[in-house]
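Colleague: One structure, as structure tokens, below. Some questions next.
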Amino acid sequence: MHIQGAVVIVDRETTKLEGYRLEDPVRAPAVIIFVDGDKPRLLPIQQGYPPPIKVRSHNMEADIQIITYQEIDAALGR
């Protein structure tokens, strides 16, 4: 799995493909990618490059969702 331009590339076929990043890529320069039932992967975004907007496998493509700190707090019940 790697970032190529504005896309995270997953080099295999998938049945579930999701991507998330925080709204502030300067404070949190990474994307979290969920593939099938595998452990989520955290991919760093290189400084000075725009964050990726899509995640693509051999057979699927999805937008990377932008989440807020408030959404994370709400999900954690804080």
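Starting from 1 in every chain, residues are counted up; chains themselves are A, B, ... following the order of the structure tokens, and ligands are numbered from 1 as listed.
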Applying 6 Å and only C-alpha atoms, which residues near region 9-24 of chain A remain after dropping the ones on its own chain fewer than 4 positions away? List them as a list in words.

Modeller: Met1, His2, Val31, Ile32, Ile33, Phe34, Val35, Asp36, Arg56, Ser57, His58, Asn59, Ile64, Gln65, Ile66, Ile67 and Thr68 of chain A

Colleague: Within chain A, find each residue whose DSSP state, derived from the backbone, is strand (DSSP E), and express the selection as an NGL selection string.

Modeller: :A and (2-4 or 7-9 or 17-22 or 30-35 or 41-44 or 54-56 or 61-67)

Colleague: Can you pull out every residue from chain A that DSSP, working from the backbone, puts in helix (DSSP H, G or I), and format the result as number ranges by chain?

Modeller: A: 69-75

Colleague: Those residues you just picked out, can you put them in a file as a PDB file, in the first residue's frame with N, CA, C and O atoms?

Modeller:
```pdb
ATOM      1  N   TYR A  69     -12.051  16.390  14.857  1.00  0.00           N
ATOM      2  CA  TYR A  69     -11.730  15.977  16.217  1.00  0.00           C
ATOM      3  C   TYR A  69     -13.011  15.782  17.020  1.00  0.00           C
ATOM      4  O   TYR A  69     -13.094  14.885  17.857  1.00  0.00           O
ATOM      5  N   GLN A  70     -14.042  16.587  16.760  1.00  0.00           N
ATOM      6  CA  GLN A  70     -15.305  16.466  17.468  1.00  0.00           C
ATOM      7  C   GLN A  70     -15.975  15.118  17.150  1.00  0.00           C
ATOM      8  O   GLN A  70     -16.555  14.489  18.042  1.00  0.00           O
ATOM      9  N   GLU A  71     -15.889  14.670  15.902  1.00  0.00           N
ATOM     10  CA  GLU A  71     -16.463  13.369  15.539  1.00  0.00           C
ATOM     11  C   GLU A  71     -15.729  12.230  16.255  1.00  0.00           C
ATOM     12  O   GLU A  71     -16.362  11.257  16.684  1.00  0.00           O
ATOM     13  N   ILE A  72     -14.443  12.343  16.388  1.00  0.00           N
ATOM     14  CA  ILE A  72     -13.671  11.323  17.093  1.00  0.00           C
ATOM     15  C   ILE A  72     -14.062  11.305  18.565  1.00  0.00           C
ATOM     16  O   ILE A  72     -14.316  10.236  19.142  1.00  0.00           O
ATOM     17  N   ASP A  73     -14.138  12.478  19.190  1.00  0.00           N
ATOM     18  CA  ASP A  73     -14.550  12.558  20.586  1.00  0.00           C
ATOM     19  C   ASP A  73     -15.945  11.962  20.794  1.00  0.00           C
ATOM     20  O   ASP A  73     -16.175  11.233  21.751  1.00  0.00           O
ATOM     21  N   ALA A  74     -16.869  12.262  19.886  1.00  0.00           N
ATOM     22  CA  ALA A  74     -18.234  11.734  19.999  1.00  0.00           C
ATOM     23  C   ALA A  74     -18.237  10.208  19.872  1.00  0.00           C
ATOM     24  O   ALA A  74     -18.937   9.514  20.606  1.00  0.00           O
ATOM     25  N   ALA A  75     -17.444   9.681  18.952  1.00  0.00           N
ATOM     26  CA  ALA A  75     -17.372   8.227  18.766  1.00  0.00           C
ATOM     27  C   ALA A  75     -16.766   7.537  19.985  1.00  0.00           C
ATOM     28  O   ALA A  75     -17.127   6.402  20.318  1.00  0.00           O
TER      29      ALA A  75
END
```

Colleague: Just the residues within 9 Å of Pro25 (chain A), please, counting only C-alpha atoms, with nothing from its chain fewer than 4 positions along; format it as number ranges by chain.

Modeller: A: 21, 29-31, 45, 50-51

Colleague: Those residues with all heavy atoms, as a PDB file, in the first residue's frame please?

Modeller:
```
ATOM      1  N   ARG A  21      -9.107  10.724   6.997  1.00  0.00           N
ATOM      2  CA  ARG A  21      -8.041  11.597   7.459  1.00  0.00           C
ATOM      3  C   ARG A  21      -8.666  12.710   8.278  1.00  0.00           C
ATOM      4  O   ARG A  21      -9.845  13.036   8.115  1.00  0.00           O
ATOM      5  CB  ARG A  21      -7.214  12.163   6.315  1.00  0.00           C
ATOM      6  CG  ARG A  21      -7.902  13.228   5.495  1.00  0.00           C
ATOM      7  CD  ARG A  21      -6.913  13.910   4.548  1.00  0.00           C
ATOM      8  NE  ARG A  21      -7.561  14.888   3.709  1.00  0.00           N
ATOM      9  CZ  ARG A  21      -7.825  16.149   4.063  1.00  0.00           C
ATOM     10  NH1 ARG A  21      -7.497  16.586   5.255  1.00  0.00           N
ATOM     11  NH2 ARG A  21      -8.419  16.974   3.225  1.00  0.00           N
ATOM     12  N   PRO A  29      -0.712  14.640   9.879  1.00  0.00           N
ATOM     13  CA  PRO A  29      -0.369  14.354   8.479  1.00  0.00           C
ATOM     14  C   PRO A  29      -0.366  12.854   8.143  1.00  0.00           C
ATOM     15  O   PRO A  29       0.674  12.254   7.902  1.00  0.00           O
ATOM     16  CB  PRO A  29       1.019  14.967   8.334  1.00  0.00           C
ATOM     17  CG  PRO A  29       1.618  14.816   9.699  1.00  0.00           C
ATOM     18  CD  PRO A  29       0.469  14.983  10.659  1.00  0.00           C
ATOM     19  N   ALA A  30      -1.563  12.254   8.155  1.00  0.00           N
ATOM     20  CA  ALA A  30      -1.665  10.827   7.847  1.00  0.00           C
ATOM     21  C   ALA A  30      -3.078  10.491   7.394  1.00  0.00           C
ATOM     22  O   ALA A  30      -4.023  11.234   7.656  1.00  0.00           O
ATOM     23  CB  ALA A  30      -1.301   9.994   9.070  1.00  0.00           C
ATOM     24  N   VAL A  31      -3.205   9.358   6.706  1.00  0.00           N
ATOM     25  CA  VAL A  31      -4.505   8.794   6.365  1.00  0.00           C
ATOM     26  C   VAL A  31      -4.585   7.411   7.003  1.00  0.00           C
ATOM     27  O   VAL A  31      -3.569   6.740   7.183  1.00  0.00           O
ATOM     28  CB  VAL A  31      -4.730   8.694   4.836  1.00  0.00           C
ATOM     29  CG1 VAL A  31      -4.865  10.059   4.215  1.00  0.00           C
ATOM     30  CG2 VAL A  31      -3.645   7.912   4.153  1.00  0.00           C
ATOM     31  N   ILE A  45       1.483  11.327   5.389  1.00  0.00           N
ATOM     32  CA  ILE A  45       1.442  12.216   4.229  1.00  0.00           C
ATOM     33  C   ILE A  45       2.739  13.018   4.248  1.00  0.00           C
ATOM     34  O   ILE A  45       3.079  13.626   5.255  1.00  0.00           O
ATOM     35  CB  ILE A  45       0.241  13.179   4.304  1.00  0.00           C
ATOM     36  CG1 ILE A  45      -1.063  12.390   4.343  1.00  0.00           C
ATOM     37  CG2 ILE A  45       0.258  14.151   3.128  1.00  0.00           C
ATOM     38  CD1 ILE A  45      -2.277  13.246   4.681  1.00  0.00           C
ATOM     39  N   PRO A  50      -0.091  17.618  -0.998  1.00  0.00           N
ATOM     40  CA  PRO A  50      -1.503  17.611  -0.616  1.00  0.00           C
ATOM     41  C   PRO A  50      -1.921  16.210  -0.158  1.00  0.00           C
ATOM     42  O   PRO A  50      -1.354  15.217  -0.613  1.00  0.00           O
ATOM     43  CB  PRO A  50      -2.228  18.003  -1.900  1.00  0.00           C
ATOM     44  CG  PRO A  50      -1.289  17.653  -2.994  1.00  0.00           C
ATOM     45  CD  PRO A  50       0.097  17.793  -2.431  1.00  0.00           C
ATOM     46  N   PRO A  51      -2.895  16.132   0.742  1.00  0.00           N
ATOM     47  CA  PRO A  51      -3.346  14.816   1.195  1.00  0.00           C
ATOM     48  C   PRO A  51      -4.085  14.076   0.088  1.00  0.00           C
ATOM     49  O   PRO A  51      -4.726  14.715  -0.767  1.00  0.00           O
ATOM     50  CB  PRO A  51      -4.272  15.136   2.364  1.00  0.00           C
ATOM     51  CG  PRO A  51      -4.683  16.539   2.164  1.00  0.00           C
ATOM     52  CD  PRO A  51      -3.583  17.218   1.416  1.00  0.00           C
TER      53      PRO A  51
END
```

Colleague: Would you mind reading off the distance between CA of Tyr49 (chain A) and CA of Ala62 (chain A), one decimal, in Å?

Modeller: 20.2 Å

Colleague: Rank A:Leu76, A:Val8, A:Arg27, A:Asp63 by their smallest atom-to-atom distance to Gln47 (chain A), using only C-alpha atoms, and report the top residue only.

Modeller: A:Arg27
